[in-house]
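Asks: I am attaching a structure below and will ask some questions about it afterwards.
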Amino acid sequence: MSELLRHMNSQNASKHITPHWLLRIFGAKSATFQITNEGVQVVINGEKYLTLAESLAHETAFQEGALFARLELRTSTGSKSLYGLRKKEGRTLFWWLREHWLRQLAPVVERSAEGIRAVLTQGYPRESRFKAARAMAQQAHASFVRVPEPEWCTEVQGVPFKWVADVACWQDEDLQGLQQRYVTRQLQRYSDFFDVVESQPLTERQREACVVDEDNNLVLAGAGTGKTSVMVGRAGYLMKSGQAKANDILMLAFGNKAANEMQDRINHRLGKCGITASTFHKLGKEIIAAVEGPQPSLTPLAEDDKALALQVNQWLEEHLNTPAYQKLTLKYFEKYLYPTANPFDFETEGEYFDHIIANEIRTLKGESVKSLGECLVANYLFKQGVEYQYEAAYEYRTASPLYRQYQPDFYLPESGVYIEYYGIDRKGNTAPYVDSEKYHQSMVWKRELHSENGTRLLELYHYEWQEGRLFDAIDAQLAALNITCAPLPQESVLATLREFGAISNFAILLTDLLKRYRANCYEQGQVEAVIAQANNSMQLDAAMKLLTPILNDYEALLKREGHIDFDDMIGKAIQYVREGRFRSSWRYILVDEFQDISEARARLIRSLRDSATGCSLFCVGDDWQAIYRFTGSDLNFTTSFREKFGATNVTNLDLTFRFNNGISKVASRFVLQNPVQLAKQLNTLREVNKPTVSLLREDNRPPNNTVDASRVEKVVSRIAASAEPGSSVYLLGRNGFSLPKKTELERLSMRYPSIRIESHTVHASKGKEADYVVVLGLETGKFGFPTGKTTHPLLEALLPPLETYKDAEERRLFYVALTRARHRVYLIADMAVASSFVVELLKDKYDIELNEFETSLSQQLLHILKCMKCKTGTMVQKQSQFGSFFGCTKFPLCTHKERGCQRCESQMRRAGRFKICINPNCLNWVPVCPKCGAEMVQRKGRHGLFWGCKNYRHEGECCKHTENDIVFDQQLSVPESTW
């Protein structure tokens with residue numbers, strides 16, 4: 001048969017076949033087959049069809065019956081059936097077609113196989129290469145469908161066909177196998193290089209991170225795990241393995257200092273190899289110069305915040321000379337000066353007070369108020385020219401043993417009218433932390449009091465503000481009382497705002513908004529989307545209308561002077577790369593500290609990657625150390641890296657060379673409370689079996705005399721007594737306010753010369769390390785840790801989305817503070833005002849040392865000595881002209897106060913109906929009146945001893961509650977818990 005086929009092939013490349021004459025009577029057709037460049041062509045009745053591969057790949061295409069044979073063909077226009085064929089002729093035709101088809105197809109398949117191998121052997125089997133190779137194989141496989149059997153054509157090798165068929169069916173596990181084999185080979189081949197590229201041989205994970213070259217690569221480097229070694233090792237490996245030359249590699253850092261340190265490390269470990277570490281701004285400037293020609297000049301305002309603020313203030317004052325801008329400004333001050341937080345959304349009064357304090361909510365006259373609603377009322381009265389006094393004492397005496405003197409919210413001296421702003425909603429509900437029944441009773445009492453004394457009362461309600469008609473309600477009620485308003489001219493209001501510093505403060509805000517707006521490098525439609533999605537869209541829109549003229553002034557100044565700023569370096573670079581005016585030649589982009597990336601910078605590196613064929617992205621960062629959201633850094637680019645950039649390999653560096661397992665256990669557990677943080681196991685070289693995080697709990701007031709050591713000195717003294725000579729000590733604070741002054745630092749250094757003491761903010765300590773770390777300022781409040789200071793809502797709207805987990809970035813900052821230490825961390829706190837972080841460490845029983853320093857019982861109990869009124873403040877000792885007392889730390893917003901123990905003056909704690917002295921040597925107890933909450937005192941009456949309320953008076957309003965016997969439960973003497 002093969003001789004017959006060779007004879008046929010030698011004669012021609014076409015074949016004609018005619019059905020049996022009997023079947024032709026019933027419609028069977030003749031056909032001519034031709035071998036063309038496109039494939040096997042069949043001609044039937046003059047119509048030409050291209051035969052599809054699956055027709056010739058399966059034996060079922062040729063079918064033999066009892067008398068005749070049939071050839072079923074699938075063509076480019078559908079199925080064609082040739083029947084009534086003589087069996088021998090049909091069989092010979094089918095073999096002839098298949099052999100010709102295979103001979104013609106074999107070179108094509110071989111070239112496809114070579115192309116697939118070329119793609120897969122370019123280097124690391126990236127997902128993009130894998131998918132490209134598989135797509136090529138699937139396309140080639142479609143031309144033959146089935147791997148040919150050897151007897152089909154002895155001159156055609158089946159190996160390429162089988163290779164292509166296998167690749168066409170590859171799945172994810174095949175890709176993983178390819179990658180693992182590649183990594184294993186490379187690690188073996190370059191083992192000696194990885195042993196010496198750094199001062200210490202790289203770890204297995206570090207080596208793997210250097211070798212893996214996915215389309216996008218994320219290396220999650222824990223604190224102290226050697227991320228810089230990976231950056232250097234990666235660059236060196238790419239050159240050593242011949243995959244890249246120096247000019248193929250772009251290495252990026254965020255600041256000049258980091259870039260210089262990286263450059264020094266490269267030069268030291270790799271020699272003068274030609275790789276340059278650059279900052280994003282330097283890169284942007286070079287891209288601009290490549291497109292525009294001359295190097296652009298930097299505006300002096302870019303590096304002088306004070307000069308920029310002065311310039312913005314000048315522009316603002318110029319615009320305030322125009323009536324339209326004046327009107328917009330005053331509308332903003334009237335309606336949008338402060339964030340519109342609803343007091344009903346807070347669980348405790350203390351939390352709402354924290355909001356008031358953090359946002360520095362004051363009237364336009366500079367008065368401190370207890371609610372935003374009161375602030376709005378005060379500002380509106382001021383603008384309308386209505387003189388008022390805030391919380392002035394009522395003109396008739398109301399003070400009694402039970403109540404202090406009544407102070408209405410507002411008093412209008414010119415008309416003798418009082419105003420009360422009631423915190424109830426339309427249904428009469430109060431905020432969750434307010435006793436609704438007592439509140440409504442007080443409303444009734446106030447109304448009756450004014451009625452009895454003939455004083456006029458104007459009532460306003462929280463729900464009127466919520467419904468947007470508070471000002472209308474004021475106007476209507478003032479008019480009803482025949483009180484004439486004399487609205488202040490815009491110039492007069494502005495003059496008052498200037499007097500109280502409101503305009504200059506607003507100029508500072510506009511300066512910050514200008515910088516934030518420019519740094520975001522907004523593209524068409526992005527600003528509008530930001531405004532629409534903001535929670536405070538109306539406030540943001542109002543502010544943007546005031547900012548836009550300032551933006552125009554700034555950009556006009558840059559154009560006029562021929563300058564750019566740092567934000568132009570990013571924004572223009574993105575534009576030029578996107579437009580194709582700058583073509584990137586870098587095939588490997590390496591980014592350090594990637595957790596600090598902003599959306600604009602991410603846009604730039606993504607554009608650079610996409611503009612160069614086959615370019616890979618290599619990013620090293622630690623989401624646990626993302627602490628720069630306030631500069632625009634967006635953690636989502638790290639935690640959602642694959643979604644942002646595409647096919648990704650993630651490598652975890654899991655061995656820290658810095659701290660021990662004691663520090664790691666506390667720090668890792670703490671930061672991972674936020675479920676957004678990427679979970680990773682951090683192992684340590686140094687293992688200890690005792691806690692290495694210590695807590696000193698002590699009153700934060702200065703020592704009583706020069707002999708008493710300060711809290712900081714107590715810790716420093718302890719370190720100096722046990723540390724190796726020359727050990728380094730960092731005093732770290734959330735901000736500069738909590739750090740010791742320079743003179744104090746010098747004094748400590750002089751007194752303890754065996755150790756080296758430095759002080760830094762936690763942000764400044766990033767990237768550094770010391771033998772011992774002392775964390776200061778662990779308090780609540782605006783300058784506490786976590787900070788109680790809130791970002792202005794307008795700036796907040798221009799920053800990356802705020803994480804839902806409470807204090808998420810502050811938690812990471814605390815993690816950074818803890819992980820600067822090699823051997824031990826010391827935390828200093830006063831439990832009266834202790835940071836919520838310290839409270840969490842104690843409450844959740846973290847593995848920390850509590851007994852290294854002596855701790856007073858009051859410090860151990862202060863967590864149960866919370867203010868009974870606002871719930872979040874702590875009762876602390878204070879002094880007045882009448883002596884010592886205990887008052888709330890939220891004063892003046894919370895005015896709750898209590899007496900100390902009458903025997904020893906120590907603080908009293910609440911237990912059931914008793915107040916009990918916390919002094920273990922005293923434990924004096926006093927019952928509390930169940931009627932008014934005052935203390936009960938034992939008195940002698942005609943029938944003997946009895947208990948009476950301290951608020952009892954012989955005449956006037958007082959509490960007359962008495963009890964014959966009060967039995968104290970001695971079990972209450974023992975506190976429920978101590979920390």
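In the structure tokens, chains take the letters A, B, ... in the order shown, each chain's residues start at 1, and ligands count up from 1 in the order shown.
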Where in segment 29-238 of chain A does DSSP assign strand (DSSP E), given as JSON, numbers by chain?
Replies: {"A": [31, 32, 33, 34, 35, 36, 39, 40, 41, 42, 43, 44, 47, 48, 49, 50, 62, 63, 64, 69, 70, 71, 72, 73, 74, 75, 78, 79, 80, 81, 82, 83, 84, 85, 216, 217, 218, 219, 220, 221]}
Asks: Counting only C-alpha atoms, what is within 12 Å of Lys515 of chain A, bar same-chain residues fewer than 6 positions away, as a short mmCIF file (atom, residue, chain, number, x, y, z; two decimals) with all heavy atoms, in the first residue's frame?
Replies:
data_model
loop_
_atom_site.label_atom_id
_atom_site.label_comp_id
_atom_site.auth_asym_id
_atom_site.auth_seq_id
_atom_site.Cartn_x
_atom_site.Cartn_y
_atom_site.Cartn_z
N LEU A 301 8.87 77.39 45.90
CA LEU A 301 7.76 77.09 46.80
C LEU A 301 7.65 75.60 47.10
O LEU A 301 7.02 75.20 48.08
CB LEU A 301 6.44 77.57 46.19
CG LEU A 301 6.31 79.08 45.94
CD1 LEU A 301 4.96 79.40 45.31
CD2 LEU A 301 6.48 79.85 47.24
N ALA A 302 8.27 74.76 46.26
CA ALA A 302 8.16 73.31 46.45
C ALA A 302 8.88 72.84 47.70
O ALA A 302 8.51 71.81 48.27
CB ALA A 302 8.71 72.58 45.23
N GLU A 303 9.89 73.57 48.12
CA GLU A 303 10.69 73.16 49.28
C GLU A 303 10.59 74.14 50.44
O GLU A 303 11.36 74.05 51.39
CB GLU A 303 12.15 72.99 48.85
CG GLU A 303 12.36 71.90 47.81
CD GLU A 303 13.81 71.72 47.41
OE1 GLU A 303 14.38 72.65 46.84
OE2 GLU A 303 14.35 70.64 47.70
N ASP A 305 7.57 75.39 52.72
CA ASP A 305 6.15 75.37 53.08
C ASP A 305 5.67 76.71 53.61
O ASP A 305 4.52 77.11 53.36
CB ASP A 305 5.90 74.28 54.12
CG ASP A 305 5.94 72.88 53.53
OD1 ASP A 305 5.82 72.77 52.29
OD2 ASP A 305 6.10 71.91 54.29
N LEU A 308 5.07 79.02 50.70
CA LEU A 308 3.86 78.63 49.99
C LEU A 308 2.62 79.07 50.76
O LEU A 308 1.66 79.58 50.17
CB LEU A 308 3.85 77.12 49.78
CG LEU A 308 2.60 76.55 49.09
CD1 LEU A 308 2.44 77.14 47.68
CD2 LEU A 308 2.66 75.03 49.02
N ALA A 309 2.64 78.88 52.09
CA ALA A 309 1.50 79.28 52.91
C ALA A 309 1.28 80.79 52.83
O ALA A 309 0.13 81.27 52.75
CB ALA A 309 1.72 78.85 54.35
N VAL A 312 -0.28 81.53 49.41
CA VAL A 312 -1.69 81.15 49.38
C VAL A 312 -2.53 82.15 50.17
O VAL A 312 -3.62 82.54 49.75
CB VAL A 312 -1.88 79.72 49.93
CG1 VAL A 312 -3.36 79.41 50.13
CG2 VAL A 312 -1.26 78.70 48.98
N ILE A 508 -4.21 78.18 55.80
CA ILE A 508 -3.35 77.02 56.03
C ILE A 508 -4.02 75.76 55.48
O ILE A 508 -3.38 74.92 54.84
CB ILE A 508 -3.05 76.87 57.53
CG1 ILE A 508 -2.20 78.05 58.01
CG2 ILE A 508 -2.33 75.54 57.81
CD1 ILE A 508 -2.00 78.10 59.51
N LEU A 509 -5.34 75.64 55.73
CA LEU A 509 -6.09 74.49 55.20
C LEU A 509 -6.05 74.49 53.66
O LEU A 509 -5.84 73.44 53.04
CB LEU A 509 -7.52 74.54 55.69
CG LEU A 509 -8.47 73.47 55.10
CD1 LEU A 509 -7.98 72.07 55.43
CD2 LEU A 509 -9.89 73.68 55.60
N CYS A 521 -2.34 64.21 41.28
CA CYS A 521 -2.18 64.19 39.82
C CYS A 521 -3.47 63.72 39.13
O CYS A 521 -3.48 62.75 38.35
CB CYS A 521 -1.01 63.29 39.40
SG CYS A 521 0.57 63.74 40.13
N LEU A 547 -11.06 76.63 46.48
CA LEU A 547 -9.68 76.22 46.16
C LEU A 547 -9.34 76.45 44.70
O LEU A 547 -8.20 76.79 44.37
CB LEU A 547 -9.50 74.74 46.51
CG LEU A 547 -8.13 74.13 46.20
CD1 LEU A 547 -7.04 74.79 47.04
CD2 LEU A 547 -8.13 72.61 46.45
N ILE A 550 -7.39 79.48 43.72
CA ILE A 550 -6.04 79.40 44.27
C ILE A 550 -5.19 78.46 43.41
O ILE A 550 -4.01 78.74 43.13
CB ILE A 550 -6.08 78.90 45.73
CG1 ILE A 550 -7.02 79.74 46.59
CG2 ILE A 550 -4.68 78.85 46.32
CD1 ILE A 550 -6.59 81.15 46.81
N LEU A 551 -5.78 77.34 43.00
CA LEU A 551 -5.08 76.41 42.10
C LEU A 551 -4.68 77.10 40.80
O LEU A 551 -3.55 76.94 40.31
CB LEU A 551 -5.97 75.21 41.78
CG LEU A 551 -5.98 74.03 42.76
CD1 LEU A 551 -7.12 73.09 42.43
CD2 LEU A 551 -4.66 73.28 42.70
N TYR A 554 -1.77 79.36 41.35
CA TYR A 554 -0.52 78.61 41.53
C TYR A 554 0.01 78.11 40.20
O TYR A 554 1.21 78.26 39.88
CB TYR A 554 -0.77 77.45 42.48
CG TYR A 554 0.44 76.59 42.76
CD1 TYR A 554 1.47 77.03 43.57
CD2 TYR A 554 0.56 75.32 42.18
CE1 TYR A 554 2.59 76.25 43.83
CE2 TYR A 554 1.67 74.52 42.42
CZ TYR A 554 2.68 74.99 43.25
OH TYR A 554 3.79 74.21 43.50
N GLU A 555 -0.86 77.53 39.39
CA GLU A 555 -0.43 77.00 38.11
C GLU A 555 -0.01 78.11 37.15
O GLU A 555 0.91 77.94 36.35
CB GLU A 555 -1.54 76.14 37.51
CG GLU A 555 -1.75 74.84 38.30
CD GLU A 555 -2.98 74.07 37.88
OE1 GLU A 555 -3.71 74.55 36.99
OE2 GLU A 555 -3.24 72.99 38.44
N ASP A 565 6.84 71.78 39.99
CA ASP A 565 6.99 71.34 41.38
C ASP A 565 7.16 69.82 41.40
O ASP A 565 7.20 69.17 40.34
CB ASP A 565 5.83 71.82 42.25
CG ASP A 565 4.49 71.27 41.77
OD1 ASP A 565 4.47 70.36 40.91
OD2 ASP A 565 3.45 71.74 42.25
N PHE A 566 7.28 69.26 42.59
CA PHE A 566 7.48 67.81 42.69
C PHE A 566 6.31 67.03 42.11
O PHE A 566 6.50 65.94 41.55
CB PHE A 566 7.70 67.41 44.16
CG PHE A 566 9.01 67.88 44.74
CD1 PHE A 566 9.05 68.77 45.81
CD2 PHE A 566 10.21 67.44 44.20
CE1 PHE A 566 10.26 69.19 46.33
CE2 PHE A 566 11.43 67.87 44.71
CZ PHE A 566 11.45 68.75 45.79
N ASP A 567 5.12 67.58 42.23
CA ASP A 567 3.95 66.88 41.72
C ASP A 567 3.92 66.86 40.20
O ASP A 567 3.45 65.89 39.59
CB ASP A 567 2.68 67.52 42.29
CG ASP A 567 2.71 67.58 43.80
OD1 ASP A 567 3.08 66.55 44.41
OD2 ASP A 567 2.40 68.64 44.37
N ASP A 568 4.42 67.92 39.57
CA ASP A 568 4.56 67.92 38.11
C ASP A 568 5.49 66.81 37.65
O ASP A 568 5.31 66.23 36.57
CB ASP A 568 5.12 69.26 37.63
CG ASP A 568 4.05 70.34 37.52
OD1 ASP A 568 2.91 69.99 37.17
OD2 ASP A 568 4.34 71.51 37.78
N PHE A 630 -1.10 59.69 55.37
CA PHE A 630 -1.30 61.15 55.38
C PHE A 630 -0.54 61.85 54.25
O PHE A 630 -0.81 63.00 53.93
CB PHE A 630 -0.90 61.75 56.74
CG PHE A 630 0.57 61.61 57.07
CD1 PHE A 630 1.47 62.59 56.75
CD2 PHE A 630 1.03 60.48 57.72
CE1 PHE A 630 2.81 62.47 57.07
CE2 PHE A 630 2.37 60.34 58.05
CZ PHE A 630 3.27 61.33 57.72
N THR A 631 0.40 61.14 53.61
CA THR A 631 1.08 61.71 52.44
C THR A 631 0.50 61.18 51.13
O THR A 631 1.00 61.51 50.06
CB THR A 631 2.59 61.38 52.48
OG1 THR A 631 2.77 59.96 52.31
CG2 THR A 631 3.21 61.81 53.79
N GLY A 632 -0.53 60.34 51.22
CA GLY A 632 -1.15 59.79 50.02
C GLY A 632 -0.87 58.34 49.77
O GLY A 632 -1.37 57.76 48.79
N LEU A 795 -9.33 67.26 53.70
CA LEU A 795 -8.11 66.54 53.34
C LEU A 795 -8.38 65.04 53.31
O LEU A 795 -7.86 64.32 52.44
CB LEU A 795 -7.00 66.85 54.35
CG LEU A 795 -6.36 68.22 54.27
CD1 LEU A 795 -5.47 68.48 55.48
CD2 LEU A 795 -5.56 68.37 52.98
N LEU A 798 -9.55 63.69 50.09
CA LEU A 798 -8.56 63.63 49.00
C LEU A 798 -7.49 62.57 49.25
O LEU A 798 -6.61 62.38 48.40
CB LEU A 798 -7.90 65.00 48.81
CG LEU A 798 -8.84 66.17 48.50
CD1 LEU A 798 -8.03 67.44 48.22
CD2 LEU A 798 -9.73 65.87 47.30
N LEU A 799 -7.57 61.91 50.39
CA LEU A 799 -6.62 60.85 50.71
C LEU A 799 -7.20 59.50 50.28
O LEU A 799 -8.40 59.39 50.00
CB LEU A 799 -6.34 60.85 52.21
CG LEU A 799 -5.46 61.98 52.74
CD1 LEU A 799 -5.46 61.99 54.26
CD2 LEU A 799 -4.03 61.86 52.21
#
Asks: Between atom CA of Phe618 of chain A and atom CA of Leu590 of chain A, what is the spacing in Å?
Replies: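 Spanning atom CA of Leu590 of chain A to atom CA of Phe618 of chain A is a straight-line distance of 4.7 Å.
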Asks: When DSSP is applied to the backbone of this structure, which of segment 350-484 of chain A are assigned alpha helix (DSSP H)? Write them out as an NGL selection string.
Replies: :A and (350-358 or 372-383 or 436-453 or 462-466 or 470-480)
Asks: Excluding same-chain residues fewer than 3 positions from segment 373-390 of chain A, what lies within 9 Å of it counting only C-alpha atoms, as a ChimeraX atom specification?
Replies: /A:333-335,361-365,367-370,407-414,421,423,461-462,465,470-471,474,483-490,493
Asks: For Thr684 of chain A, which residue among A:Leu778, A:Leu655, A:Ile627, A:Ala709 is the nearest when counting only C-alpha atoms?
Replies: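 Among A:Leu778, A:Leu655, A:Ile627, A:Ala709, it is A:Leu655 that comes nearest to Thr684 of chain A.
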Asks: Which residues, written as a ChimeraX atom specification, have at least one atom at most 8 Å from Ser694 of chain A, with only C-alpha atoms counted and residues fewer than 4 positions away on the same chain left out?
Replies: /A:824-827,848-850,852
Asks: Save the residues we just selected, all heavy atoms, as a compact mmCIF listing (two decimals), in the first residue's frame?
Replies:
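Contents of result_34.txt, as written:
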# COMPACT_ATOMS: atom_id res chain seq x y z
N ARG A 824 15.03 44.53 73.81
CA ARG A 824 13.93 44.75 74.74
C ARG A 824 13.23 46.08 74.45
O ARG A 824 13.86 47.04 74.02
CB ARG A 824 14.45 44.75 76.19
CG ARG A 824 13.35 44.58 77.24
CD ARG A 824 13.93 44.36 78.63
NE ARG A 824 12.92 43.91 79.57
CZ ARG A 824 12.56 42.66 79.75
NH1 ARG A 824 13.16 41.71 79.04
NH2 ARG A 824 11.61 42.33 80.62
N VAL A 825 11.92 46.07 74.71
CA VAL A 825 11.10 47.27 74.55
C VAL A 825 10.51 47.64 75.91
O VAL A 825 10.04 46.77 76.65
CB VAL A 825 9.94 47.04 73.55
CG1 VAL A 825 9.09 48.30 73.43
CG2 VAL A 825 10.49 46.63 72.19
N TYR A 826 10.55 48.93 76.21
CA TYR A 826 9.92 49.45 77.43
C TYR A 826 8.79 50.40 77.04
O TYR A 826 8.98 51.30 76.21
CB TYR A 826 10.94 50.20 78.30
CG TYR A 826 11.95 49.28 78.96
CD1 TYR A 826 13.15 48.96 78.32
CD2 TYR A 826 11.70 48.73 80.21
CE1 TYR A 826 14.07 48.11 78.92
CE2 TYR A 826 12.62 47.88 80.82
CZ TYR A 826 13.80 47.57 80.17
OH TYR A 826 14.70 46.73 80.76
N LEU A 827 7.64 50.20 77.64
CA LEU A 827 6.48 51.06 77.43
C LEU A 827 6.22 51.83 78.72
O LEU A 827 6.23 51.24 79.81
CB LEU A 827 5.24 50.23 77.06
CG LEU A 827 5.40 49.21 75.94
CD1 LEU A 827 4.12 48.39 75.79
CD2 LEU A 827 5.75 49.89 74.63
N ILE A 848 3.56 40.34 78.15
CA ILE A 848 4.44 41.45 78.51
C ILE A 848 4.79 41.37 79.99
O ILE A 848 4.06 40.78 80.78
CB ILE A 848 3.80 42.82 78.18
CG1 ILE A 848 2.51 43.03 78.97
CG2 ILE A 848 3.54 42.95 76.69
CD1 ILE A 848 1.89 44.40 78.77
N GLU A 849 5.91 41.99 80.35
CA GLU A 849 6.40 41.97 81.73
C GLU A 849 5.78 43.13 82.50
O GLU A 849 5.93 44.30 82.12
CB GLU A 849 7.93 42.09 81.74
CG GLU A 849 8.52 42.13 83.14
CD GLU A 849 8.17 40.88 83.93
OE1 GLU A 849 8.57 39.78 83.52
OE2 GLU A 849 7.48 41.03 84.96
N LEU A 850 5.07 42.80 83.61
CA LEU A 850 4.40 43.83 84.41
C LEU A 850 5.08 44.07 85.75
O LEU A 850 4.71 45.01 86.46
CB LEU A 850 2.94 43.42 84.66
CG LEU A 850 2.06 43.21 83.42
CD1 LEU A 850 0.66 42.78 83.83
CD2 LEU A 850 2.01 44.49 82.59
N GLU A 852 8.56 44.30 86.35
CA GLU A 852 9.94 44.80 86.37
C GLU A 852 10.05 46.07 87.21
O GLU A 852 11.09 46.36 87.78
CB GLU A 852 10.43 45.05 84.94
CG GLU A 852 11.89 45.41 84.87
CD GLU A 852 12.44 45.41 83.45
OE1 GLU A 852 11.73 44.96 82.52
OE2 GLU A 852 13.59 45.86 83.26
Asks: If you count only C-alpha atoms, which residues fall within 12 Å of segment 427-432 of chain A, apart from same-chain ones fewer than 3 positions away, as an MDAnalysis selection string?
Replies: chainID A and resid 342:352 422:424 435:440 443 461:463 870
Asks: Could you turn the residues from that selection into a file that holds N, CA and C atoms, as a JSON list (two decimals), in the first residue's frame?
Replies:
[["chain", "number", "residue", "atom", "x", "y", "z"],
["A", 342, "ASN", "N", -22.94, 63.44, 63.88],
["A", 342, "ASN", "CA", -24.19, 63.40, 64.64],
["A", 342, "ASN", "C", -23.91, 62.85, 66.03],
["A", 343, "PRO", "N", -24.21, 63.59, 67.11],
["A", 343, "PRO", "CA", -23.95, 63.08, 68.46],
["A", 343, "PRO", "C", -24.69, 61.77, 68.75],
["A", 344, "PHE", "N", -25.75, 61.50, 68.02],
["A", 344, "PHE", "CA", -26.50, 60.26, 68.21],
["A", 344, "PHE", "C", -25.71, 59.03, 67.74],
["A", 345, "ASP", "N", -24.65, 59.27, 66.96],
["A", 345, "ASP", "CA", -23.86, 58.16, 66.42],
["A", 345, "ASP", "C", -22.76, 57.70, 67.36],
["A", 346, "PHE", "N", -22.62, 58.35, 68.52],
["A", 346, "PHE", "CA", -21.57, 57.99, 69.47],
["A", 346, "PHE", "C", -22.17, 57.17, 70.61],
["A", 347, "GLU", "N", -21.40, 56.20, 71.09],
["A", 347, "GLU", "CA", -21.89, 55.31, 72.14],
["A", 347, "GLU", "C", -21.84, 55.96, 73.52],
["A", 348, "THR", "N", -20.83, 56.80, 73.75],
["A", 348, "THR", "CA", -20.69, 57.46, 75.05],
["A", 348, "THR", "C", -20.51, 58.95, 74.86],
["A", 349, "GLU", "N", -20.82, 59.68, 75.92],
["A", 349, "GLU", "CA", -20.62, 61.13, 75.87],
["A", 349, "GLU", "C", -19.14, 61.46, 75.73],
["A", 350, "GLY", "N", -18.30, 60.63, 76.35],
["A", 350, "GLY", "CA", -16.86, 60.86, 76.27],
["A", 350, "GLY", "C", -16.35, 60.77, 74.84],
["A", 351, "GLU", "N", -16.88, 59.82, 74.08],
["A", 351, "GLU", "CA", -16.46, 59.68, 72.68],
["A", 351, "GLU", "C", -16.85, 60.92, 71.88],
["A", 352, "TYR", "N", -18.03, 61.45, 72.17],
["A", 352, "TYR", "CA", -18.44, 62.68, 71.47],
["A", 352, "TYR", "C", -17.57, 63.86, 71.90],
["A", 422, "TYR", "N", -32.00, 71.84, 72.49],
["A", 422, "TYR", "CA", -32.29, 70.52, 73.04],
["A", 422, "TYR", "C", -31.80, 69.40, 72.09],
["A", 423, "GLY", "N", -31.12, 68.43, 72.67],
["A", 423, "GLY", "CA", -30.55, 67.32, 71.88],
["A", 423, "GLY", "C", -31.50, 66.17, 71.73],
["A", 424, "ILE", "N", -32.64, 66.40, 71.08],
["A", 424, "ILE", "CA", -33.59, 65.31, 70.84],
["A", 424, "ILE", "C", -33.93, 65.26, 69.36],
["A", 435, "ASP", "N", -29.63, 59.89, 79.62],
["A", 435, "ASP", "CA", -30.82, 59.34, 80.27],
["A", 435, "ASP", "C", -32.03, 60.10, 79.75],
["A", 436, "SER", "N", -32.80, 59.46, 78.87],
["A", 436, "SER", "CA", -33.90, 60.14, 78.19],
["A", 436, "SER", "C", -34.95, 60.68, 79.16],
["A", 437, "GLU", "N", -35.29, 59.89, 80.17],
["A", 437, "GLU", "CA", -36.33, 60.31, 81.11],
["A", 437, "GLU", "C", -35.90, 61.56, 81.88],
["A", 438, "LYS", "N", -34.67, 61.53, 82.38],
["A", 438, "LYS", "CA", -34.18, 62.69, 83.13],
["A", 438, "LYS", "C", -34.03, 63.91, 82.22],
["A", 439, "TYR", "N", -33.64, 63.67, 80.98],
["A", 439, "TYR", "CA", -33.45, 64.78, 80.05],
["A", 439, "TYR", "C", -34.79, 65.49, 79.81],
["A", 440, "HIS", "N", -35.85, 64.71, 79.58],
["A", 440, "HIS", "CA", -37.16, 65.31, 79.35],
["A", 440, "HIS", "C", -37.69, 65.98, 80.61],
["A", 443, "MET", "N", -36.12, 69.32, 80.67],
["A", 443, "MET", "CA", -36.77, 70.23, 79.71],
["A", 443, "MET", "C", -38.03, 70.83, 80.32],
["A", 461, "TYR", "N", -34.03, 72.69, 68.43],
["A", 461, "TYR", "CA", -33.92, 71.23, 68.57],
["A", 461, "TYR", "C", -32.90, 70.66, 67.59],
["A", 462, "HIS", "N", -32.30, 69.58, 68.07],
["A", 462, "HIS", "CA", -31.31, 68.87, 67.24],
["A", 462, "HIS", "C", -31.91, 68.45, 65.90],
["A", 463, "TYR", "N", -33.13, 68.00, 65.91],
["A", 463, "TYR", "CA", -33.73, 67.52, 64.67],
["A", 463, "TYR", "C", -33.90, 68.64, 63.63],
["A", 870, "CYS", "N", -19.26, 60.60, 81.68],
["A", 870, "CYS", "CA", -18.95, 60.53, 80.24],
["A", 870, "CYS", "C", -18.45, 59.15, 79.81]]
Asks: Hey, what's within 12 Å of Glu796 of chain A if we count only C-alpha atoms and toss same-chain stuff fewer than 4 positions away? As a list in words, please?
Replies: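 Here the answer would be Pro339, Leu509, Asp512, Leu513, Arg516, Tyr517, Val530, Ile531, Ala534, Asn535, Asn536, Ser537, Gln539, Leu540, Arg629, Phe630, Thr631, Gly632, Thr790, Thr791, His792, Pro800, Pro801, Leu802 and Glu803 of chain A.
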Asks: When you draw a straight line from atom CA of Val232 of chain A to atom CA of Leu608 of chain A, how long is it in Å?
Replies: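 Pair atom CA of Val232 of chain A / atom CA of Leu608 of chain A returns 21.3 Å.
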Asks: Can you tell me, as JSON, numbers by chain, what residues are no more than 12 Å from Asp553 of chain A when counting only C-alpha atoms, ignoring any on the same chain fewer than 4 positions away?
Replies: {"A": [308, 311, 312, 313, 314, 315, 316, 318, 319, 514, 546, 547, 548, 549, 557, 558, 559, 560]}
